[in-house]
file structure_21.cif (mmCIF, N, CA and C atoms)
data_target
#
loop_
_atom_site.label_atom_id
_atom_site.label_comp_id
_atom_site.auth_asym_id
_atom_site.auth_seq_id
_atom_site.Cartn_x
_atom_site.Cartn_y
_atom_site.Cartn_z
N MET A 7 348.56 136.19 -7.39
CA MET A 7 348.25 137.60 -7.39
C MET A 7 346.93 137.75 -6.64
N ILE A 8 346.82 138.82 -5.89
CA ILE A 8 345.60 139.14 -5.16
C ILE A 8 344.81 140.16 -5.98
N ILE A 9 343.53 139.84 -6.25
CA ILE A 9 342.66 140.77 -6.97
C ILE A 9 341.46 141.11 -6.11
N THR A 10 340.83 142.22 -6.43
CA THR A 10 339.53 142.56 -5.87
C THR A 10 338.56 142.60 -7.04
N THR A 11 337.48 141.86 -6.95
CA THR A 11 336.49 141.85 -8.02
C THR A 11 335.59 143.06 -7.89
N GLU A 12 335.43 143.77 -9.00
CA GLU A 12 334.59 144.97 -9.01
C GLU A 12 333.24 144.73 -9.69
N ASP A 13 333.21 143.81 -10.65
CA ASP A 13 331.97 143.50 -11.36
C ASP A 13 332.10 142.12 -11.97
N ILE A 14 331.01 141.37 -11.98
CA ILE A 14 330.98 140.04 -12.58
C ILE A 14 329.72 139.92 -13.41
N ASP A 15 329.87 139.53 -14.66
CA ASP A 15 328.73 139.31 -15.54
C ASP A 15 328.32 137.85 -15.42
N SER A 16 327.35 137.57 -14.56
CA SER A 16 326.95 136.17 -14.31
C SER A 16 326.28 135.54 -15.52
N ALA A 17 325.88 136.34 -16.51
CA ALA A 17 325.27 135.80 -17.73
C ALA A 17 326.32 135.42 -18.77
N SER A 18 327.60 135.67 -18.48
CA SER A 18 328.66 135.42 -19.46
C SER A 18 329.35 134.07 -19.25
N MET A 19 328.72 133.14 -18.56
CA MET A 19 329.34 131.87 -18.23
C MET A 19 329.82 131.13 -19.48
N ARG A 20 331.07 130.64 -19.37
CA ARG A 20 331.65 129.81 -20.42
C ARG A 20 332.57 128.81 -19.73
N PRO A 21 332.43 127.52 -20.03
CA PRO A 21 333.33 126.55 -19.41
C PRO A 21 334.74 126.68 -19.98
N VAL A 22 335.76 126.54 -19.11
CA VAL A 22 337.15 126.63 -19.54
C VAL A 22 337.98 125.53 -18.88
N GLY A 23 339.12 125.24 -19.47
CA GLY A 23 340.07 124.30 -18.91
C GLY A 23 339.69 122.86 -19.17
N TYR A 24 340.58 121.97 -18.72
CA TYR A 24 340.37 120.54 -18.91
C TYR A 24 339.10 120.06 -18.20
N ALA A 25 338.84 120.62 -17.02
CA ALA A 25 337.66 120.21 -16.25
C ALA A 25 336.40 120.96 -16.66
N GLN A 26 336.54 121.86 -17.64
CA GLN A 26 335.40 122.65 -18.12
C GLN A 26 334.67 123.34 -16.96
N LEU A 27 335.44 124.09 -16.15
CA LEU A 27 334.89 124.83 -15.03
C LEU A 27 334.23 126.11 -15.52
N PRO A 28 333.18 126.56 -14.84
CA PRO A 28 332.51 127.80 -15.26
C PRO A 28 333.40 129.03 -15.04
N SER A 29 333.45 129.88 -16.06
CA SER A 29 334.18 131.15 -15.96
C SER A 29 333.23 132.27 -16.34
N PHE A 30 333.56 133.48 -15.86
CA PHE A 30 332.70 134.64 -16.07
C PHE A 30 333.55 135.86 -16.38
N VAL A 31 333.03 136.76 -17.20
CA VAL A 31 333.71 138.01 -17.46
C VAL A 31 333.63 138.85 -16.19
N ALA A 32 334.80 139.33 -15.74
CA ALA A 32 334.85 140.09 -14.50
C ALA A 32 335.79 141.29 -14.65
N ARG A 33 335.40 142.39 -14.03
CA ARG A 33 336.29 143.55 -13.91
C ARG A 33 336.99 143.41 -12.56
N PHE A 34 338.32 143.57 -12.56
CA PHE A 34 339.09 143.40 -11.33
C PHE A 34 340.12 144.51 -11.20
N ARG A 35 340.64 144.63 -10.00
CA ARG A 35 341.77 145.52 -9.77
C ARG A 35 342.75 144.80 -8.86
N SER A 36 344.01 145.13 -9.05
CA SER A 36 345.07 144.56 -8.23
C SER A 36 346.22 145.55 -8.23
N VAL A 37 347.24 145.26 -7.45
CA VAL A 37 348.40 146.16 -7.41
C VAL A 37 349.13 146.15 -8.76
N PRO A 38 349.42 144.95 -9.35
CA PRO A 38 350.18 144.99 -10.61
C PRO A 38 349.40 145.55 -11.79
N PHE A 39 348.10 145.20 -11.91
CA PHE A 39 347.32 145.71 -13.03
C PHE A 39 345.84 145.46 -12.80
N SER A 40 345.03 146.11 -13.61
CA SER A 40 343.57 146.01 -13.49
C SER A 40 342.97 145.93 -14.88
N GLY A 41 341.72 145.49 -14.94
CA GLY A 41 341.05 145.42 -16.23
C GLY A 41 339.94 144.40 -16.22
N VAL A 42 339.68 143.82 -17.39
CA VAL A 42 338.62 142.82 -17.57
C VAL A 42 339.27 141.53 -18.04
N ALA A 43 338.88 140.43 -17.40
CA ALA A 43 339.37 139.10 -17.77
C ALA A 43 338.30 138.09 -17.40
N ARG A 44 338.49 136.85 -17.80
CA ARG A 44 337.61 135.78 -17.35
C ARG A 44 338.05 135.36 -15.96
N LEU A 45 337.10 135.10 -15.09
CA LEU A 45 337.37 134.66 -13.72
C LEU A 45 336.76 133.28 -13.52
N VAL A 46 337.54 132.35 -13.00
CA VAL A 46 337.05 131.03 -12.63
C VAL A 46 336.98 131.04 -11.10
N PRO A 47 335.80 131.32 -10.54
CA PRO A 47 335.69 131.44 -9.09
C PRO A 47 335.51 130.08 -8.41
N ALA A 48 335.83 130.05 -7.12
CA ALA A 48 335.60 128.85 -6.32
C ALA A 48 334.17 128.83 -5.77
N TYR A 49 333.44 129.91 -5.98
CA TYR A 49 332.07 130.02 -5.48
C TYR A 49 331.07 129.49 -6.49
N ASP A 50 329.98 128.86 -5.98
CA ASP A 50 328.93 128.38 -6.88
C ASP A 50 328.21 129.55 -7.56
N ASP A 51 327.96 130.60 -6.80
CA ASP A 51 327.31 131.79 -7.34
C ASP A 51 328.39 132.85 -7.52
N PRO A 52 328.74 133.20 -8.77
CA PRO A 52 329.85 134.15 -8.99
C PRO A 52 329.62 135.51 -8.35
N ARG A 53 328.36 135.89 -8.13
CA ARG A 53 328.09 137.20 -7.52
C ARG A 53 328.59 137.27 -6.08
N GLU A 54 328.84 136.10 -5.45
CA GLU A 54 329.39 136.07 -4.10
C GLU A 54 330.82 136.60 -4.07
N CYS A 55 331.47 136.69 -5.22
CA CYS A 55 332.85 137.17 -5.32
C CYS A 55 332.95 138.68 -5.32
N LEU A 56 331.86 139.38 -5.57
CA LEU A 56 331.91 140.83 -5.71
C LEU A 56 332.52 141.49 -4.48
N GLY A 57 333.52 142.32 -4.73
CA GLY A 57 334.15 143.08 -3.66
C GLY A 57 335.14 142.29 -2.82
N LEU A 58 335.28 141.00 -3.09
CA LEU A 58 336.20 140.17 -2.30
C LEU A 58 337.61 140.23 -2.86
N GLU A 59 338.57 140.01 -1.98
CA GLU A 59 339.95 139.82 -2.42
C GLU A 59 340.15 138.33 -2.64
N LEU A 60 340.65 137.97 -3.81
CA LEU A 60 340.88 136.57 -4.16
C LEU A 60 342.31 136.39 -4.60
N GLY A 61 342.92 135.31 -4.18
CA GLY A 61 344.22 134.92 -4.72
C GLY A 61 343.97 134.17 -6.02
N VAL A 62 344.61 134.57 -7.10
CA VAL A 62 344.37 133.95 -8.40
C VAL A 62 345.69 133.59 -9.09
N GLN A 63 345.61 132.60 -9.97
CA GLN A 63 346.68 132.25 -10.89
C GLN A 63 346.26 132.75 -12.27
N ILE A 64 347.21 133.12 -13.10
CA ILE A 64 346.92 133.70 -14.41
C ILE A 64 347.26 132.71 -15.51
N THR A 65 346.35 132.58 -16.48
CA THR A 65 346.67 131.88 -17.73
C THR A 65 346.24 132.78 -18.88
N GLN A 66 346.75 132.48 -20.06
CA GLN A 66 346.37 133.24 -21.24
C GLN A 66 346.10 132.26 -22.37
N GLY A 67 345.19 132.65 -23.26
CA GLY A 67 344.87 131.81 -24.40
C GLY A 67 345.95 131.85 -25.45
N SER A 68 346.59 133.00 -25.61
CA SER A 68 347.66 133.14 -26.59
C SER A 68 348.52 134.35 -26.25
N VAL A 69 349.68 134.39 -26.90
CA VAL A 69 350.63 135.49 -26.73
C VAL A 69 351.07 135.95 -28.11
N THR A 70 351.13 137.26 -28.30
CA THR A 70 351.67 137.82 -29.53
C THR A 70 352.72 138.87 -29.17
N ASP A 71 353.49 139.26 -30.16
CA ASP A 71 354.45 140.36 -30.06
C ASP A 71 355.45 140.18 -28.91
N PHE A 72 355.95 138.96 -28.72
CA PHE A 72 356.95 138.71 -27.67
C PHE A 72 358.28 139.31 -28.08
N ARG A 73 358.89 140.07 -27.17
CA ARG A 73 360.18 140.71 -27.44
C ARG A 73 361.01 140.76 -26.17
N VAL A 74 362.30 140.66 -26.33
CA VAL A 74 363.24 140.95 -25.25
C VAL A 74 363.60 142.42 -25.41
N ILE A 75 363.45 143.19 -24.36
CA ILE A 75 363.70 144.63 -24.46
C ILE A 75 364.81 145.01 -23.49
N GLY A 76 365.42 146.13 -23.75
CA GLY A 76 366.50 146.61 -22.90
C GLY A 76 365.98 147.60 -21.87
N LEU A 77 366.88 148.03 -21.04
CA LEU A 77 366.55 149.03 -20.03
C LEU A 77 366.59 150.40 -20.67
N PRO A 78 365.94 151.40 -20.22
CA PRO A 78 365.01 151.33 -19.10
C PRO A 78 363.65 150.80 -19.57
N ALA A 79 362.99 150.13 -18.67
CA ALA A 79 361.66 149.60 -18.96
C ALA A 79 360.83 149.67 -17.70
N THR A 80 359.57 149.96 -17.87
CA THR A 80 358.65 149.99 -16.74
C THR A 80 357.90 148.68 -16.69
N VAL A 81 358.09 147.93 -15.61
CA VAL A 81 357.41 146.66 -15.44
C VAL A 81 355.95 146.93 -15.10
N GLY A 82 355.04 146.28 -15.80
CA GLY A 82 353.62 146.45 -15.55
C GLY A 82 352.79 145.81 -16.64
N ALA A 83 351.50 145.95 -16.52
CA ALA A 83 350.58 145.43 -17.52
C ALA A 83 349.48 146.45 -17.71
N ASP A 84 349.13 146.69 -18.96
CA ASP A 84 348.08 147.65 -19.29
C ASP A 84 346.97 146.94 -20.05
N ALA A 85 345.74 147.18 -19.63
CA ALA A 85 344.58 146.62 -20.32
C ALA A 85 344.49 147.24 -21.71
N LEU A 86 344.20 146.42 -22.69
CA LEU A 86 344.02 146.89 -24.06
C LEU A 86 342.52 147.02 -24.35
N GLY A 87 342.18 147.49 -25.53
CA GLY A 87 340.78 147.72 -25.90
C GLY A 87 339.93 146.46 -25.95
N THR A 88 340.56 145.31 -26.21
CA THR A 88 339.84 144.04 -26.25
C THR A 88 339.82 143.44 -24.85
N PRO A 89 338.64 143.21 -24.28
CA PRO A 89 338.58 142.61 -22.93
C PRO A 89 339.38 141.32 -22.87
N GLY A 90 340.16 141.17 -21.79
CA GLY A 90 340.98 139.98 -21.61
C GLY A 90 342.35 140.07 -22.24
N SER A 91 342.67 141.22 -22.87
CA SER A 91 343.99 141.40 -23.50
C SER A 91 344.77 142.47 -22.75
N PHE A 92 346.06 142.18 -22.52
CA PHE A 92 346.92 143.07 -21.76
C PHE A 92 348.30 143.16 -22.41
N LYS A 93 348.85 144.36 -22.46
CA LYS A 93 350.23 144.57 -22.88
C LYS A 93 351.08 144.42 -21.61
N VAL A 94 351.99 143.45 -21.62
CA VAL A 94 352.74 143.09 -20.42
C VAL A 94 354.22 143.40 -20.62
N CYS A 95 354.83 143.95 -19.60
CA CYS A 95 356.28 144.14 -19.55
C CYS A 95 356.72 143.59 -18.19
N GLY A 96 357.58 142.55 -18.22
CA GLY A 96 357.97 141.93 -16.96
C GLY A 96 359.39 141.39 -17.01
N ILE A 97 359.78 140.78 -15.90
CA ILE A 97 361.12 140.24 -15.73
C ILE A 97 361.06 138.72 -15.79
N LEU A 98 361.88 138.12 -16.64
CA LEU A 98 361.94 136.66 -16.70
C LEU A 98 362.57 136.19 -15.39
N GLU A 99 361.71 135.63 -14.54
CA GLU A 99 362.10 135.28 -13.18
C GLU A 99 362.75 133.90 -13.08
N SER A 100 362.18 132.91 -13.78
CA SER A 100 362.73 131.56 -13.74
C SER A 100 362.30 130.80 -14.98
N GLN A 101 362.97 129.66 -15.20
CA GLN A 101 362.71 128.84 -16.38
C GLN A 101 362.70 127.37 -15.99
N SER A 102 361.95 126.57 -16.73
CA SER A 102 362.02 125.13 -16.54
C SER A 102 363.29 124.62 -17.19
N PRO A 103 363.85 123.54 -16.66
CA PRO A 103 365.08 123.01 -17.26
C PRO A 103 364.79 122.34 -18.60
N PRO A 104 365.81 122.20 -19.44
CA PRO A 104 365.63 121.47 -20.71
C PRO A 104 365.20 120.03 -20.43
N SER A 105 364.43 119.49 -21.34
CA SER A 105 363.91 118.13 -21.19
C SER A 105 364.59 117.21 -22.20
N ASP A 106 364.98 116.03 -21.74
CA ASP A 106 365.56 115.04 -22.64
C ASP A 106 364.52 114.44 -23.57
N THR A 107 363.24 114.56 -23.19
CA THR A 107 362.16 113.97 -23.98
C THR A 107 361.56 114.94 -24.99
N GLY A 108 362.09 116.14 -25.06
CA GLY A 108 361.58 117.10 -26.04
C GLY A 108 360.32 117.83 -25.60
N GLU A 109 359.97 117.74 -24.32
CA GLU A 109 358.78 118.43 -23.82
C GLU A 109 359.00 119.94 -23.87
N SER A 110 357.90 120.67 -23.92
CA SER A 110 357.98 122.13 -23.96
C SER A 110 358.67 122.68 -22.72
N ARG A 111 359.39 123.76 -22.92
CA ARG A 111 359.99 124.48 -21.81
C ARG A 111 359.12 125.69 -21.50
N TYR A 112 359.20 126.15 -20.26
CA TYR A 112 358.38 127.27 -19.80
C TYR A 112 359.23 128.30 -19.07
N ALA A 113 358.81 129.54 -19.17
CA ALA A 113 359.45 130.64 -18.45
C ALA A 113 358.37 131.36 -17.65
N PHE A 114 358.76 131.86 -16.49
CA PHE A 114 357.84 132.57 -15.61
C PHE A 114 358.23 134.03 -15.60
N ILE A 115 357.28 134.87 -16.01
CA ILE A 115 357.50 136.30 -16.16
C ILE A 115 356.81 137.01 -15.00
N ALA A 116 357.58 137.73 -14.18
CA ALA A 116 357.04 138.44 -13.02
C ALA A 116 356.68 139.86 -13.39
N VAL A 117 355.47 140.24 -12.97
CA VAL A 117 354.98 141.61 -13.10
C VAL A 117 354.48 141.97 -11.70
N GLY A 118 355.39 142.48 -10.87
CA GLY A 118 355.03 142.67 -9.47
C GLY A 118 354.70 141.31 -8.86
N GLU A 119 353.57 141.21 -8.17
CA GLU A 119 353.18 139.93 -7.57
C GLU A 119 352.50 139.00 -8.57
N ALA A 120 352.26 139.46 -9.77
CA ALA A 120 351.64 138.63 -10.81
C ALA A 120 352.72 137.82 -11.52
N SER A 121 352.33 136.64 -12.00
CA SER A 121 353.27 135.80 -12.74
C SER A 121 352.56 135.20 -13.95
N PHE A 122 353.18 135.35 -15.11
CA PHE A 122 352.69 134.75 -16.34
C PHE A 122 353.62 133.59 -16.69
N CYS A 123 353.07 132.47 -17.08
CA CYS A 123 353.85 131.31 -17.51
C CYS A 123 353.74 131.23 -19.04
N LEU A 124 354.88 131.34 -19.72
CA LEU A 124 354.89 131.30 -21.18
C LEU A 124 355.70 130.11 -21.66
N SER A 125 355.20 129.46 -22.68
CA SER A 125 355.94 128.35 -23.29
C SER A 125 356.98 128.92 -24.25
N GLU A 126 357.95 128.08 -24.59
CA GLU A 126 358.95 128.48 -25.57
C GLU A 126 358.28 128.84 -26.90
N GLU A 127 357.23 128.11 -27.23
CA GLU A 127 356.47 128.40 -28.46
C GLU A 127 355.83 129.79 -28.40
N GLU A 128 355.25 130.14 -27.23
CA GLU A 128 354.63 131.46 -27.09
C GLU A 128 355.67 132.58 -27.17
N MET A 129 356.92 132.25 -26.85
CA MET A 129 357.99 133.24 -26.93
C MET A 129 358.66 133.22 -28.30
N GLY A 130 358.01 132.59 -29.28
CA GLY A 130 358.51 132.59 -30.65
C GLY A 130 359.83 131.85 -30.80
N GLY A 131 360.06 130.84 -29.94
CA GLY A 131 361.29 130.07 -30.01
C GLY A 131 362.47 130.74 -29.32
N LEU A 132 362.27 131.95 -28.81
CA LEU A 132 363.34 132.64 -28.08
C LEU A 132 363.47 132.03 -26.69
N TRP A 133 364.64 132.10 -26.12
CA TRP A 133 364.84 131.61 -24.76
C TRP A 133 365.74 132.60 -24.03
N PRO A 134 365.15 133.73 -23.56
CA PRO A 134 365.94 134.78 -22.91
C PRO A 134 366.58 134.30 -21.60
N GLU A 135 367.64 134.96 -21.22
CA GLU A 135 368.32 134.67 -19.97
C GLU A 135 367.47 135.14 -18.78
N PRO A 136 367.61 134.48 -17.62
CA PRO A 136 366.93 134.98 -16.42
C PRO A 136 367.30 136.44 -16.16
N GLU A 137 366.35 137.17 -15.62
CA GLU A 137 366.46 138.60 -15.33
C GLU A 137 366.30 139.48 -16.56
N SER A 138 366.08 138.88 -17.74
CA SER A 138 365.80 139.67 -18.94
C SER A 138 364.46 140.37 -18.79
N ILE A 139 364.36 141.55 -19.37
CA ILE A 139 363.09 142.27 -19.41
C ILE A 139 362.44 141.93 -20.75
N VAL A 140 361.20 141.47 -20.68
CA VAL A 140 360.48 141.07 -21.88
C VAL A 140 359.13 141.77 -21.95
N SER A 141 358.60 141.85 -23.15
CA SER A 141 357.25 142.40 -23.32
C SER A 141 356.49 141.49 -24.27
N PHE A 142 355.17 141.50 -24.13
CA PHE A 142 354.30 140.69 -24.98
C PHE A 142 352.86 141.14 -24.76
N VAL A 143 351.99 140.68 -25.63
CA VAL A 143 350.55 140.90 -25.45
C VAL A 143 349.93 139.56 -25.09
N ALA A 144 349.26 139.52 -23.95
CA ALA A 144 348.55 138.32 -23.50
C ALA A 144 347.08 138.48 -23.87
N HIS A 145 346.54 137.48 -24.58
CA HIS A 145 345.14 137.50 -25.03
C HIS A 145 344.34 136.46 -24.26
N ASP A 146 343.04 136.71 -24.11
CA ASP A 146 342.14 135.77 -23.43
C ASP A 146 342.66 135.39 -22.05
N VAL A 147 343.01 136.39 -21.25
CA VAL A 147 343.52 136.15 -19.90
C VAL A 147 342.40 135.61 -19.01
N THR A 148 342.73 134.56 -18.27
CA THR A 148 341.81 133.95 -17.32
C THR A 148 342.46 133.95 -15.95
N LEU A 149 341.69 134.32 -14.95
CA LEU A 149 342.14 134.36 -13.56
C LEU A 149 341.47 133.18 -12.82
N TRP A 150 342.27 132.27 -12.29
CA TRP A 150 341.79 131.06 -11.63
C TRP A 150 341.88 131.24 -10.12
N ASP A 151 340.74 131.19 -9.44
CA ASP A 151 340.69 131.31 -7.99
C ASP A 151 341.55 130.22 -7.39
N GLU A 152 342.52 130.58 -6.55
CA GLU A 152 343.42 129.59 -5.94
C GLU A 152 342.70 128.68 -4.96
N ALA A 153 341.48 129.03 -4.55
CA ALA A 153 340.71 128.20 -3.62
C ALA A 153 340.11 126.98 -4.32
N LEU A 154 340.24 126.88 -5.64
CA LEU A 154 339.68 125.73 -6.36
C LEU A 154 340.39 124.45 -6.02
#
call {"tool": "encode", "arguments": {"input": "structure_21.cif", "output": "structure tokens"}}
result
Amino acid sequence: MIITTEDIDSASMRPVGYAQLPSFVARFRSVPFSGVARLVPAYDDPRECLGLELGVQITQGSVTDFRVIGLPATVGADALGTPGSFKVCGILESQSPPSDTGESRYAFIAVGEASFCLSEEEMGGLWPEPESIVSFVAHDVTLWDEAL
């Protein structure tokens, strides 16, 4: 997904991920949705990202209220009152194949050019068919600069 950064709180640094990379609270806008999330920039000084268009990948800390919904539905994501939380409605675009070793399965939910990857556990054990319309709340959303 391509975002434009509108504001970055350089004092909000918190390491995230396996590599414990620095992340910052940032206000962003994009075609699919806008709001506040953590940003893991490829820049040493996060203020260098202000006003730039960045290609990012999306992760979330947790998912609640996962549901398969019927038509009609409006695909999109809306920022909620808690920074980093979004109400998402998207199309199940693809799924990982079943594993003989019992590894987690994943589904990719498209919201315009944005894509959320959800585990079977995050979907409450449900495994909807491709092209299903689903909704959920994504919490602690982090945007990872693809230039990393």
call {"tool": "atom_distance", "arguments": {"input": "structure_21.cif", "atom1": "atom CA of Val143 of chain A", "atom2": "atom CA of Phe72 of chain A"}}
result
7.1 Å
call {"tool": "resolve_selection", "arguments": {"input": "structure_21.cif", "expression": "the PyMOL selection byres ((chain A and resi 13) around 8)", "output": "ChimeraX atom specification"}}
result
/A:10-12,14-16,30-35,52-53,55-57
call {"tool": "closest_residue", "arguments": {"input": "structure_21.cif", "among": "A:Phe114, A:Tyr49, A:Tyr24, A:Phe92", "to": "Val147 of chain A", "atoms": "all atoms listed in the file"}}
result
A:Phe92
call {"tool": "resolve_selection", "arguments": {"input": "structure_21.cif", "expression": "the PyMOL selection byres ((chain A and resi 39-42) around 8)", "output": "ChimeraX atom specification"}}
result
/A:31-38,43-45,82-86,88-91,117-120,147-148
call {"tool": "resolve_selection", "arguments": {"input": "structure_21.cif", "expression": "the PyMOL selection byres ((chain A and resi 130-141) around 6)", "output": "PyMOL selection string"}}
result
chain A and resi 71-76+94-100+126-129+142-143
call {"tool": "closest_residue", "arguments": {"input": "structure_21.cif", "among": "A:His145, A:Gly87, A:Ala25, A:Ala17", "to": "Val69 of chain A", "atoms": "only N, CA and C atoms"}}
result
A:His145
call {"tool": "atom_distance", "arguments": {"input": "structure_21.cif", "atom1": "atom N of Asp151 of chain A", "atom2": "atom N of Gln63 of chain A"}}
result
5.1 Å
call {"tool": "closest_residue", "arguments": {"input": "structure_21.cif", "among": "A:Ala153, A:Leu27, A:Leu124, A:Ala79", "to": "Gly61 of chain A", "atoms": "all atoms listed in the file"}}
result
A:Ala153
call {"tool": "select_by_dssp", "arguments": {"input": "structure_21.cif", "residues": "chain A", "states": "strand (DSSP E or B)", "output": "PyMOL selection string"}}
result
chain A and resi 8-22+27-35+41-46+59-65+68-75+82-85+92-101+112-117+120-125+139-145+148-151
call {"tool": "atom_distance", "arguments": {"input": "structure_21.cif", "atom1": "atom N of Val22 of chain A", "atom2": "atom C of Ile64 of chain A"}}
result
13.5 Å
call {"tool": "select_by_dssp", "arguments": {"input": "structure_21.cif", "residues": "segment 11-108 of chain A", "states": "helix (DSSP H, G or I)", "output": "count of residues only"}}
result
4
call {"tool": "build_atoms", "arguments": {"input": "structure_21.cif", "residues": "segment 96-115 of chain A", "atoms": "N, CA, C and O atoms", "output": "JSON list (two decimals), keeping the file's coordinate frame"}}
result
[["chain", "number", "residue", "atom", "x", "y", "z"],
["A", 96, "GLY", "N", 357.58, 142.55, -18.22],
["A", 96, "GLY", "CA", 357.97, 141.93, -16.96],
["A", 96, "GLY", "C", 359.39, 141.39, -17.01],
["A", 96, "GLY", "O", 360.10, 141.51, -18.02],
["A", 97, "ILE", "N", 359.78, 140.78, -15.90],
["A", 97, "ILE", "CA", 361.12, 140.24, -15.73],
["A", 97, "ILE", "C", 361.06, 138.72, -15.79],
["A", 97, "ILE", "O", 360.25, 138.11, -15.07],
["A", 98, "LEU", "N", 361.88, 138.12, -16.64],
["A", 98, "LEU", "CA", 361.94, 136.66, -16.70],
["A", 98, "LEU", "C", 362.57, 136.19, -15.39],
["A", 98, "LEU", "O", 363.75, 136.36, -15.16],
["A", 99, "GLU", "N", 361.71, 135.63, -14.54],
["A", 99, "GLU", "CA", 362.10, 135.28, -13.18],
["A", 99, "GLU", "C", 362.75, 133.90, -13.08],
["A", 99, "GLU", "O", 363.73, 133.71, -12.37],
["A", 100, "SER", "N", 362.18, 132.91, -13.78],
["A", 100, "SER", "CA", 362.73, 131.56, -13.74],
["A", 100, "SER", "C", 362.30, 130.80, -14.98],
["A", 100, "SER", "O", 361.41, 131.23, -15.71],
["A", 101, "GLN", "N", 362.97, 129.66, -15.20],
["A", 101, "GLN", "CA", 362.71, 128.84, -16.38],
["A", 101, "GLN", "C", 362.70, 127.37, -15.99],
["A", 101, "GLN", "O", 363.39, 126.97, -15.05],
["A", 102, "SER", "N", 361.95, 126.57, -16.73],
["A", 102, "SER", "CA", 362.02, 125.13, -16.54],
["A", 102, "SER", "C", 363.29, 124.62, -17.19],
["A", 102, "SER", "O", 363.77, 125.20, -18.17],
["A", 103, "PRO", "N", 363.85, 123.54, -16.66],
["A", 103, "PRO", "CA", 365.08, 123.01, -17.26],
["A", 103, "PRO", "C", 364.79, 122.34, -18.60],
["A", 103, "PRO", "O", 363.66, 121.94, -18.86],
["A", 104, "PRO", "N", 365.81, 122.20, -19.44],
["A", 104, "PRO", "CA", 365.63, 121.47, -20.71],
["A", 104, "PRO", "C", 365.20, 120.03, -20.43],
["A", 104, "PRO", "O", 365.57, 119.45, -19.42],
["A", 105, "SER", "N", 364.43, 119.49, -21.34],
["A", 105, "SER", "CA", 363.91, 118.13, -21.19],
["A", 105, "SER", "C", 364.59, 117.21, -22.20],
["A", 105, "SER", "O", 364.72, 117.56, -23.37],
["A", 106, "ASP", "N", 364.98, 116.03, -21.74],
["A", 106, "ASP", "CA", 365.56, 115.04, -22.64],
["A", 106, "ASP", "C", 364.52, 114.44, -23.57],
["A", 106, "ASP", "O", 364.85, 113.87, -24.60],
["A", 107, "THR", "N", 363.24, 114.56, -23.19],
["A", 107, "THR", "CA", 362.16, 113.97, -23.98],
["A", 107, "THR", "C", 361.56, 114.94, -24.99],
["A", 107, "THR", "O", 360.59, 114.60, -25.66],
["A", 108, "GLY", "N", 362.09, 116.14, -25.06],
["A", 108, "GLY", "CA", 361.58, 117.10, -26.04],
["A", 108, "GLY", "C", 360.32, 117.83, -25.60],
["A", 108, "GLY", "O", 359.66, 118.46, -26.41],
["A", 109, "GLU", "N", 359.97, 117.74, -24.32],
["A", 109, "GLU", "CA", 358.78, 118.43, -23.82],
["A", 109, "GLU", "C", 359.00, 119.94, -23.87],
["A", 109, "GLU", "O", 360.14, 120.41, -23.86],
["A", 110, "SER", "N", 357.90, 120.67, -23.92],
["A", 110, "SER", "CA", 357.98, 122.13, -23.96],
["A", 110, "SER", "C", 358.67, 122.68, -22.72],
["A", 110, "SER", "O", 358.53, 122.13, -21.63],
["A", 111, "ARG", "N", 359.39, 123.76, -22.92],
["A", 111, "ARG", "CA", 359.99, 124.48, -21.81],
["A", 111, "ARG", "C", 359.12, 125.69, -21.50],
["A", 111, "ARG", "O", 358.41, 126.20, -22.36],
["A", 112, "TYR", "N", 359.20, 126.15, -20.26],
["A", 112, "TYR", "CA", 358.38, 127.27, -19.80],
["A", 112, "TYR", "C", 359.23, 128.30, -19.07],
["A", 112, "TYR", "O", 360.22, 127.96, -18.43],
["A", 113, "ALA", "N", 358.81, 129.54, -19.17],
["A", 113, "ALA", "CA", 359.45, 130.64, -18.45],
["A", 113, "ALA", "C", 358.37, 131.36, -17.65],
["A", 113, "ALA", "O", 357.22, 131.45, -18.08],
["A", 114, "PHE", "N", 358.76, 131.86, -16.49],
["A", 114, "PHE", "CA", 357.84, 132.57, -15.61],
["A", 114, "PHE", "C", 358.23, 134.03, -15.60],
["A", 114, "PHE", "O", 359.37, 134.37, -15.26],
["A", 115, "ILE", "N", 357.28, 134.87, -16.01],
["A", 115, "ILE", "CA", 357.50, 136.30, -16.16],
["A", 115, "ILE", "C", 356.81, 137.01, -15.00],
["A", 115, "ILE", "O", 355.59, 136.91, -14.84]]
